[in-house]
Each structure stands twice: as C-alpha cells, then as structure tokens.
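Okay, structure first, notes after.
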Amino acid sequence: MFEIYPLITIYDTHYFFIHPVQVMKGKKMVAITVQKIINAPLKEVWDSWDDYANIHRFHPGLNSSYRLGEKQETGLGALRQCDFTDGKTYLQEKITRYDTEENMTIEIYGTNAPIRDASASFDFVALGPSITRVTMTMSFTPKMGLLGMMITPLMKWQFSKGLMGLLEGNAAYVEGNKSKSLAA
C-alpha cells in the first residue's frame with residue numbers, strides 16, 4: 001500500500017496527497033491522490049463518470065473525448081480517447097475495474113504524454129443523501145529515464161493541479177453548472 005504524506009487542506013471540500021516514489025513490479029511509480037466532496041447524490045456523481053466517452057463535458061483540460069471501438073459504451077473493457085486542449089496530447093484509456101457506484105479503475109494504454117504504466121482509480125462514497133466524496137489516485141512512471149525522475153517533482157505538482165481541476169469540473173457539472181471553465 002502507499003505511504004501517505006500528511007493531508008494538505010486546500011479548501012474545506014477537497015484535498016490532495018502526494019505519495020512518495022514507490023517501486024512496483026521493478027519500476028519506480030509516482031502516485032498522486034486528490035479528493036473532492038460534491039453536493040450531489042452518489043448516483044448522479046457516478047452517472048457523470050459512467051458516461052465514459054463524454055468526460056470532455058466536465059474535464060477542463062480536454063477538447064474532446066470519444067469511444068474507441070464498437071465493444072461497449074461503459075463498464076469493464078470500455079475504451080476511449082481523450083484529446084487535450086493543447087491540440088497535441090492524447091490518452092487512450094481502458095476500464096480495468098468497474099463496480100457500479102463504488103469504484104472504477106482506468107488504465108492508460110496509449111499516450112504521447114511523458115508517462116507510462118499509468119492508471120487512475122476512482123472511489124465513490126455517499127456521505128449523505130446529497131453528498132458524495134470522490135477520491136482519485138493516479139499512478140504512473142515518468143518516461144525519459146533519469147531525466148524523467150529528475151523532473152518528477154514538477155510533474156507531481158502539475159498533475160496534482162490538473163487532477164484537482166478535473167474533480168472541480170466534475171463537481172460543477174454535477175451540481176448544475178454545466179460550464180467547464182474552471183482552470184486546471
């Protein structure tokens with residue numbers, strides 16, 4: 001399991017942790033966890049993430065997202081591509097764990113971003129009838145060997161900012177503000 005640095009409070013509704021570099025399967029991995037309390041029922045929050053091909057509706061860093069292949073729209077094995085606002089960066093993703101209204105894990109199997117062996121896990125917990133906590137943990141290995149390890153602190157900071165922007169965008173979307181204008 002991860003060792004966790006002390007929790008850092010940014011606002012009263014979301015938090016982030018940066019885990020120390022860890023070794024998994026002989027590879028140095030970086031893990032970042034962000035968390036957001038959303039003022040909406042669990043089902044509504046889950047449904048926004050379960051609309052798998054349409055994450056661009058609330059992800060402030062994406063121009064578009066769409067389903068890959070004809071296999072399925074969501075659930076275990078579903079595929080999508082996310083194209084970022086820079087016009088160059090993309091991620092190809094596959095759902096590798098799927099427990100309705102509880103958790104979802106997405107493996108990044110194709111990208112031109114400076115990461116490899118990447119995945120993102122989402123955990124959803126109802127804290128009340130109209131309050132849901134979403135916890136996202138992203139793990140990855142930086143590309144570029146030694147240079148990648150040297151720039152890992154900058155990557156952690158940048159990813160933390162982007163992941164928090166994603167959760168903020170989701171909260172705004174689910175809570176009724178359909179704009180994704182929150183900066184990542």
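FYI, nothing fancy with the structure tokens labels: chains A, B, ... in order, residues from 1 per chain, ligands from 1 as they appear.
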Go through stretch 17-117 of chain A and flag each residue having an atom no more than 7 Å from stretch 156-166 of chain A; for those, report the closest pair of atoms plus their distance in Å to one decimal, using only C-alpha atoms, ordered by chain and rising number, as a tab-separated table.
```
residue	atom	partner	partner_atom	distance
A:Ile32	CA	A:Ser160	CA	6.6
A:Val34	CA	A:Met164	CA	6.2
A:His59	CA	A:Leu166	CA	5.1
A:Pro60	CA	A:Leu166	CA	6.5
```
Based on DSSP run over this structure's backbone, return all residues of stretch 81-184 of chain A in strand (DSSP E), as a PyMOL selection string.
chain A and resi 81-84+90-99+103-111+115-128+131-142
Do you know which residues are at most 9 Å from A:Leu68 counting only C-alpha atoms, after dropping those on the same chain fewer than 2 positions away, and could you put them as a PDB file with N, CA and C atoms, in the first residue's frame?
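selection.pdb, written as the output of this step:
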```pdb
ATOM      1  N   ALA A  53     -17.515   7.951 -22.461  1.00  0.00           N
ATOM      2  CA  ALA A  53     -16.970   8.606 -23.650  1.00  0.00           C
ATOM      3  C   ALA A  53     -17.076  10.126 -23.601  1.00  0.00           C
ATOM      4  N   TYR A  66     -13.989  10.485 -26.842  1.00  0.00           N
ATOM      5  CA  TYR A  66     -14.896   9.646 -27.613  1.00  0.00           C
ATOM      6  C   TYR A  66     -14.552   8.179 -27.421  1.00  0.00           C
ATOM      7  N   GLU A  70     -16.070  -0.731 -31.069  1.00  0.00           N
ATOM      8  CA  GLU A  70     -17.513  -0.955 -31.003  1.00  0.00           C
ATOM      9  C   GLU A  70     -17.899  -1.834 -29.825  1.00  0.00           C
ATOM     10  N   LYS A  71     -16.923  -2.142 -28.953  1.00  0.00           N
ATOM     11  CA  LYS A  71     -17.162  -3.118 -27.895  1.00  0.00           C
ATOM     12  C   LYS A  71     -18.298  -2.723 -26.963  1.00  0.00           C
ATOM     13  N   GLN A  72     -18.204  -1.588 -26.305  1.00  0.00           N
ATOM     14  CA  GLN A  72     -19.238  -1.172 -25.360  1.00  0.00           C
ATOM     15  C   GLN A  72     -19.036   0.286 -24.986  1.00  0.00           C
ATOM     16  N   GLU A  73     -20.090   0.893 -24.450  1.00  0.00           N
ATOM     17  CA  GLU A  73     -20.038   2.299 -24.074  1.00  0.00           C
ATOM     18  C   GLU A  73     -19.402   2.523 -22.716  1.00  0.00           C
ATOM     19  N   ALA A  78     -14.355  -1.117 -21.571  1.00  0.00           N
ATOM     20  CA  ALA A  78     -14.706   0.022 -22.428  1.00  0.00           C
ATOM     21  C   ALA A  78     -13.452   0.845 -22.731  1.00  0.00           C
ATOM     22  N   LEU A  79     -13.372   1.358 -23.954  1.00  0.00           N
ATOM     23  CA  LEU A  79     -12.210   2.117 -24.433  1.00  0.00           C
ATOM     24  C   LEU A  79     -12.626   3.526 -24.825  1.00  0.00           C
ATOM     25  N   ARG A  80     -11.733   4.487 -24.604  1.00  0.00           N
ATOM     26  CA  ARG A  80     -11.978   5.857 -25.058  1.00  0.00           C
ATOM     27  C   ARG A  80     -10.651   6.530 -25.365  1.00  0.00           C
ATOM     28  N   GLN A  81     -10.755   7.653 -26.089  1.00  0.00           N
ATOM     29  CA  GLN A  81      -9.613   8.531 -26.303  1.00  0.00           C
ATOM     30  C   GLN A  81      -9.986   9.915 -25.815  1.00  0.00           C
ATOM     31  N   GLN A  92      -5.254   7.233 -24.493  1.00  0.00           N
ATOM     32  CA  GLN A  92      -6.162   6.139 -24.838  1.00  0.00           C
ATOM     33  C   GLN A  92      -6.319   5.309 -23.568  1.00  0.00           C
TER      34      GLN A  92
END
```
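Between atom CA of A:Ile151 and atom CA of A:Val30 the separation is 11.7 Å.
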Would you pick out the contacts of A:Asp117 at 9 Å or less, using only C-alpha atoms, so that residues sharing its chain but fewer than 3 positions from it are not included, and give the list as a ChimeraX atom specification?
/A:27,29,107-109,139-142
